[in-house]
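So the structure is just underneath, and the comments pick up after that.
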Amino acid sequence: MEIREAKIGKEILTASTDLKKFKIPDYQRPYVWDEERVEDFWKDLVSRDGDNLPFLGSFIFQSMEEDPHTLEIVDGQQRIMTLSILLSVLRNLSKEIKHDHLINSIQQRITKTNNLGEEEFYFLECWKDTQIFFIEHILKRSGDISKIIEKIHQKDKTKYNIKNNYDFLYELAKDYVELGKDAKKTAIKIDEILRLIDNFSIVYIKVENDEDAYTAFEIVNARGQELGNLDLLKNLFYKDAASKKRSEEMKEKWETIVKNISECSGAKVNLESFLKHFWYSKFGKSNPIPSKRLYRAIKKHLNSMIDKDPYKSFSDEMLENSEIYKTFFDLNEYDWTGSGVKSDKYNKQIQESLVFLRGFNVTQAYVLFLSLVKNRNKIGQKRIRNLVRAVERFHFLYSAITKSQANKVEHLYGRFAEEFNKACLENDEDKINKVYGDLFQKLEDLIPFRSEFVEMFKEIEYKRSMMPTIRYIFSQLERKMNGSYGSLKIDWINANIEHIYPRDAVHKDKNCEKVKESIGNLMVLSVQENSSVGNKDVANKLPTYKESPLKIVQEVVLEIERNPLKWNAENIKSRGERLAKESYEIVKDLRN
């Protein structure tokens, strides 16, 4: 590995004097810089502090065995693309003042020409589906992307951003060089920008292989920024696919995986977290490695696989898992249990559990769920439903209320996911039963103590982040009162939260005002019921409460009538404690 300080002009913009060019591999993400990033880039260039030269950060390049004159850009493609666009802008501004020497000087930074002045190759090669467009409108001497009149569709992200950023940089540079005033002064200003570009300071890192590239990422990202597991892994798969002449197949597969995860609507997950969950669902017991070591672990696993085509097998499995993973969030009807019927009652109950878990901001359990769904035909419908429901109840206690340590359960789920895989692979019913029972026991061992739960529960207040948890509490209490998981008479996921003592009471009670947002003053109503009670006082709300089909509402009616027709801070506090104790007793039984 070679690491040193350098200047852009000497190490990158040398196409005319050095047979060197740079390639953006197809595995790299599209060109995504927006105007804000481009403006920062421009300011770094032209807003100098004394003699300090602008710094453009670290660049990682990797040698290519098949082409010794080309370096792949592992990290830095967004900056090099923006630099190319700026050079195109400066060249075209030079054309407008008809300054041939400047035009030639700029083009020499971009293009290698032969003795006849014909352009042989360009210093930068980008994504295959963008390269012709990029050459014709940016890199070519005659290129001028401003002449494209029709709007480029925003779905074509790279081309769209190239055009937008060219137009934006053109306006910034045009004002800076004072185009249209004095051609000579404009030329001096353009030359000034070129000198600044050439003197852009960088950290130049050149590596020879993927392992060195990973190490370089660790160096560059030493401050804890996200590492490039996905970029490196994608590169690995693309190289293998290219050697087997199936690049398009791999590209389509990878793009589908990316699309599946990006469509996990409203979820706090990304490709990195999916990759970790996928790995843990396979090796959470035998090889529970931290995120920063995933790339190395997967590469080592691929090299050790007996499979004739390990890269295809592993990527096929990733694709299958991404399809399953997506269903944990989008919650369209899906056969999680292997019943053959998407609307099977167990599938419906699993769907509701998944909604509640998402409301608790729990993602660690997906490690286990991936294993359950992949092995659904051997684990069985009822056991899968029971486990998902147990996880839902456990995380209400463990995560939503007592905010306990998440990493501990992620490792637990990884361990049991792998154990389920092994037991199902062996088709051993006794082992499957044992893993099933052991998992319940481990979750039960981690349930918080009643006293801790009650104290934390009483702190619950009405706020946006707690809405799913509050709805969950009342759904469980109502189920207990009904004695079944039958018809619940209300859409719990979207039920309205009602303040018994009104938030904006006409006749205010000082003591109630202090506790009006607490759980003891809350309950759920249908949308219609909630809108009809508004900010009425408790006595005037009572007729609407009496019409509610929910037993938890009728319980409040009885409490108000006993009081008589009053609702005070003491009621609110005592009800909050009672709800806490009742909720704990209902939910702590994970096997029911």
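Labels used: A, B, ... for chains in the order of the structure tokens, numbers from 1 for residues in each chain, and numbers from 1 for ligands as shown.
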Task: Contacts of Phe55 in chain A at 10 Å (only C-alpha atoms; same-chain gap of 2+ positions) as a ChimeraX atom specification - done: /A:7-8,41,44-45,52-53,57-58,199-203
Can you tell me which residues surround Ser84 in chain A at a distance of at most 8 Å, considering only C-alpha atoms, apart from same-chain residues fewer than 6 positions away, and format the answer as a PDB file with N, CA, C and O atoms, in the first residue's frame?
ATOM      1  N   ILE A 110      -7.411  16.625 -19.399  1.00  0.00           N
ATOM      2  CA  ILE A 110      -8.503  15.661 -19.533  1.00  0.00           C
ATOM      3  C   ILE A 110      -8.187  14.543 -20.518  1.00  0.00           C
ATOM      4  O   ILE A 110      -8.564  13.387 -20.314  1.00  0.00           O
ATOM      5  N   ILE A 138     -19.075  16.165 -21.663  1.00  0.00           N
ATOM      6  CA  ILE A 138     -18.182  16.731 -20.649  1.00  0.00           C
ATOM      7  C   ILE A 138     -16.714  16.646 -21.076  1.00  0.00           C
ATOM      8  O   ILE A 138     -15.999  17.652 -21.124  1.00  0.00           O
ATOM      9  N   LEU A 139     -16.241  15.457 -21.401  1.00  0.00           N
ATOM     10  CA  LEU A 139     -14.803  15.263 -21.612  1.00  0.00           C
ATOM     11  C   LEU A 139     -14.315  15.714 -22.981  1.00  0.00           C
ATOM     12  O   LEU A 139     -13.191  16.206 -23.108  1.00  0.00           O
TER      13      LEU A 139
END
TODO: Write out as a ChimeraX atom specification all residues of range 349-534 of chain A that backbone DSSP assigns to helix (DSSP H, G or I).
DONE: /A:349-359,366-374,376-379,381-401,406-425,429-446,450-457,464-482,510-515,519-521,527-533
Any chance you can output those residues with C-alpha atoms as a short mmCIF file (atom, residue, chain, number, x, y, z; two decimals), in the first residue's frame?
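selection.cif, freshly written:
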data_model
loop_
_atom_site.label_atom_id
_atom_site.label_comp_id
_atom_site.auth_asym_id
_atom_site.auth_seq_id
_atom_site.Cartn_x
_atom_site.Cartn_y
_atom_site.Cartn_z
CA GLN A 349 -51.22 -12.27 13.70
CA ILE A 350 -47.56 -12.21 12.60
CA GLN A 351 -48.28 -9.16 10.47
CA GLU A 352 -49.70 -7.33 13.48
CA SER A 353 -46.71 -8.30 15.62
CA LEU A 354 -44.35 -6.95 12.95
CA VAL A 355 -46.21 -3.64 12.96
CA PHE A 356 -45.91 -3.35 16.73
CA LEU A 357 -42.21 -4.28 16.67
CA ARG A 358 -41.57 -1.56 14.11
CA GLY A 359 -43.40 0.85 16.42
CA TYR A 366 -35.12 -9.74 11.98
CA VAL A 367 -32.03 -11.91 12.36
CA LEU A 368 -34.21 -14.62 13.89
CA PHE A 369 -37.19 -14.01 11.60
CA LEU A 370 -35.07 -14.57 8.48
CA SER A 371 -34.18 -18.03 9.78
CA LEU A 372 -37.78 -18.83 10.78
CA VAL A 373 -39.21 -17.92 7.37
CA LYS A 374 -36.49 -19.78 5.43
CA ARG A 376 -40.95 -22.39 7.83
CA ASN A 377 -41.98 -25.75 6.40
CA LYS A 378 -39.99 -27.61 9.07
CA ILE A 379 -40.55 -25.29 12.01
CA GLN A 381 -47.02 -22.49 11.40
CA LYS A 382 -47.95 -22.41 15.05
CA ARG A 383 -44.40 -22.39 16.36
CA ILE A 384 -43.46 -19.51 14.07
CA ARG A 385 -46.52 -17.50 15.15
CA ASN A 386 -45.79 -18.25 18.81
CA LEU A 387 -42.16 -17.15 18.50
CA VAL A 388 -42.97 -13.91 16.67
CA ARG A 389 -45.64 -13.07 19.24
CA ALA A 390 -43.22 -13.89 22.08
CA VAL A 391 -40.62 -11.57 20.55
CA GLU A 392 -43.26 -8.84 20.26
CA ARG A 393 -44.19 -9.15 23.95
CA PHE A 394 -40.59 -9.46 25.05
CA HIS A 395 -39.55 -6.26 23.28
CA PHE A 396 -42.50 -4.35 24.71
CA LEU A 397 -41.09 -5.16 28.15
CA TYR A 398 -37.39 -5.09 27.29
CA SER A 399 -37.11 -2.33 24.66
CA ALA A 400 -40.22 -0.14 24.53
CA ILE A 401 -40.57 0.35 28.29
CA ALA A 406 -30.08 -4.08 22.35
CA ASN A 407 -26.75 -5.75 21.45
CA LYS A 408 -27.32 -8.56 23.92
CA VAL A 409 -30.51 -9.76 22.19
CA GLU A 410 -29.07 -9.35 18.69
CA HIS A 411 -26.39 -11.90 19.57
CA LEU A 412 -29.05 -14.10 21.16
CA TYR A 413 -31.18 -14.05 18.01
CA GLY A 414 -28.12 -14.82 15.89
CA ARG A 415 -27.29 -17.83 18.02
CA PHE A 416 -30.79 -19.30 17.79
CA ALA A 417 -31.17 -18.46 14.10
CA GLU A 418 -28.12 -20.59 13.35
CA GLU A 419 -29.33 -23.36 15.67
CA PHE A 420 -32.69 -23.46 13.88
CA ASN A 421 -30.85 -23.65 10.54
CA LYS A 422 -28.82 -26.64 11.68
CA ALA A 423 -31.73 -28.49 13.28
CA CYS A 424 -33.88 -27.99 10.17
CA LEU A 425 -31.04 -29.01 7.84
CA GLU A 429 -37.82 -32.73 15.06
CA ASP A 430 -36.43 -33.26 18.57
CA LYS A 431 -33.66 -30.71 17.96
CA ILE A 432 -36.12 -28.22 16.48
CA ASN A 433 -38.31 -28.58 19.57
CA LYS A 434 -35.31 -28.14 21.86
CA VAL A 435 -34.15 -24.96 20.09
CA TYR A 436 -37.74 -23.68 20.24
CA GLY A 437 -38.02 -24.32 23.99
CA ASP A 438 -34.54 -23.00 24.77
CA LEU A 439 -35.26 -19.72 22.99
CA PHE A 440 -38.40 -19.14 25.02
CA GLN A 441 -36.43 -19.83 28.19
CA LYS A 442 -33.65 -17.37 27.26
CA LEU A 443 -36.15 -14.62 26.50
CA GLU A 444 -37.97 -15.28 29.77
CA ASP A 445 -34.66 -15.03 31.65
CA LEU A 446 -34.14 -11.52 30.20
CA ARG A 450 -41.83 -6.14 37.71
CA SER A 451 -40.69 -3.25 39.92
CA GLU A 452 -38.36 -1.86 37.23
CA PHE A 453 -41.06 -2.17 34.59
CA VAL A 454 -43.73 -0.44 36.69
CA GLU A 455 -41.48 2.52 37.51
CA MET A 456 -40.53 3.04 33.86
CA PHE A 457 -44.10 2.49 32.68
CA ARG A 464 -45.28 11.19 18.94
CA SER A 465 -42.52 8.63 19.48
CA MET A 466 -44.62 6.81 22.11
CA MET A 467 -47.85 6.54 20.12
CA PRO A 468 -47.24 2.93 18.92
CA THR A 469 -46.36 1.83 22.46
CA ILE A 470 -49.45 3.48 23.97
CA ARG A 471 -51.71 1.85 21.38
CA TYR A 472 -50.04 -1.48 22.06
CA ILE A 473 -50.70 -1.19 25.81
CA PHE A 474 -54.42 -0.66 25.32
CA SER A 475 -54.68 -3.37 22.67
CA GLN A 476 -53.27 -5.92 25.11
CA LEU A 477 -55.54 -4.77 27.95
CA GLU A 478 -58.60 -4.98 25.69
CA ARG A 479 -57.63 -8.47 24.55
CA LYS A 480 -57.29 -9.61 28.13
CA MET A 481 -60.75 -8.28 28.94
CA ASN A 482 -62.23 -9.97 25.87
CA LYS A 510 -53.55 22.87 38.46
CA ASN A 511 -52.82 19.34 39.62
CA CYS A 512 -54.33 17.73 36.52
CA GLU A 513 -52.38 20.07 34.28
CA LYS A 514 -49.14 18.61 35.70
CA VAL A 515 -50.07 15.01 34.84
CA ILE A 519 -50.35 7.32 30.62
CA GLY A 520 -52.98 7.34 33.41
CA ASN A 521 -54.88 10.10 31.60
CA VAL A 527 -61.43 8.42 15.00
CA GLN A 528 -65.15 9.26 15.04
CA GLU A 529 -65.46 9.00 18.83
CA ASN A 530 -62.35 11.09 19.40
CA SER A 531 -63.54 13.91 17.15
CA SER A 532 -66.93 14.08 18.89
CA VAL A 533 -65.54 14.52 22.43
#
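Taking range 392-534 of chain A and asking which residues DSSP calls strand (DSSP E or B) on the backbone, you get Glu461, Asn496, Ile497, Glu498, His499, Ser518, Leu522, Met523, Val524 and Leu525 of chain A.
Nearest residue to Leu236 in chain A, choosing from A:Asp26, A:Glu118, A:Asp67, A:Glu35 and counting only C-alpha atoms: A:Asp26.
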